[in-house]
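Read through the structure below, which is laid out as structure tokens, and then see the notes.
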Amino acid sequence: MAKRMKSELQLTDKQTEEIKTFFSSYHRERQKEFDKSKKAGQDREARRAAMVKNRAAMDDKIKSVLTEEQYKKYKENEEKRRGEAAQRGQRMRGEGRPNR
């Protein structure tokens, strides 16, 4: 992800290193939390709430590393990717196909 961000947002070397370091620890911690909550029998909604909270914290960290313009472009790119992922999901489920 840091590599893609570097090229899309023209990150400096310092920004790239900060993003790499952050994502590395972020993903390790999220995996630990997920495993722990699953073992504890936490329901799906509780895990989802934790995910939303963690996503907001991740967004705050990214915002603190990027310039205002870079952050704006980052959010635009994320929205575009979400839309594309949703479309792929619909196609895989057979939704949105024209009737023949």
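Order determines the names: the first chain of the structure tokens is A, the second B, and so forth; residues in each chain are numbered 1 upward, and ligands are numbered 1 upward as they are shown.
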
- [ ] Pick out the residues sitting within 10 Å of Lys61 (chain A), and hand them over as a list in words; count only C-alpha atoms, and ignore anything fewer than 3 positions along from it in its own chain.
- [x] Glu18, Ile19, Phe22, Phe23, Arg55, Ala56, Ala57, Met58, Ser64, Val65 and Leu66 of chain A

- [ ] Do a neighbour search on region 69-71 of chain A at 12 Å with only C-alpha atoms, toss out local chain neighbours closer than 2 positions, and write the hits as a PyMOL selection string.
- [x] chain A and resi 5-12+15+59-67+73-78

- [ ] May I have the residues within 12 Å of region 27-39 of chain A as JSON, numbers by chain, using only C-alpha atoms and disregarding those fewer than 2 positions away in the same chain?
- [x] {"A": [1, 19, 20, 21, 22, 23, 24, 25, 41, 42, 43, 44, 45, 46, 47, 48, 49, 50, 51, 52, 53, 54, 55, 57, 58]}

- [ ] Can you list, as a ChimeraX atom specification, all residues belonging to chain A that DSSP tags as alpha helix (DSSP H)?
- [x] /A:2-9,13-39,44-65,68-93
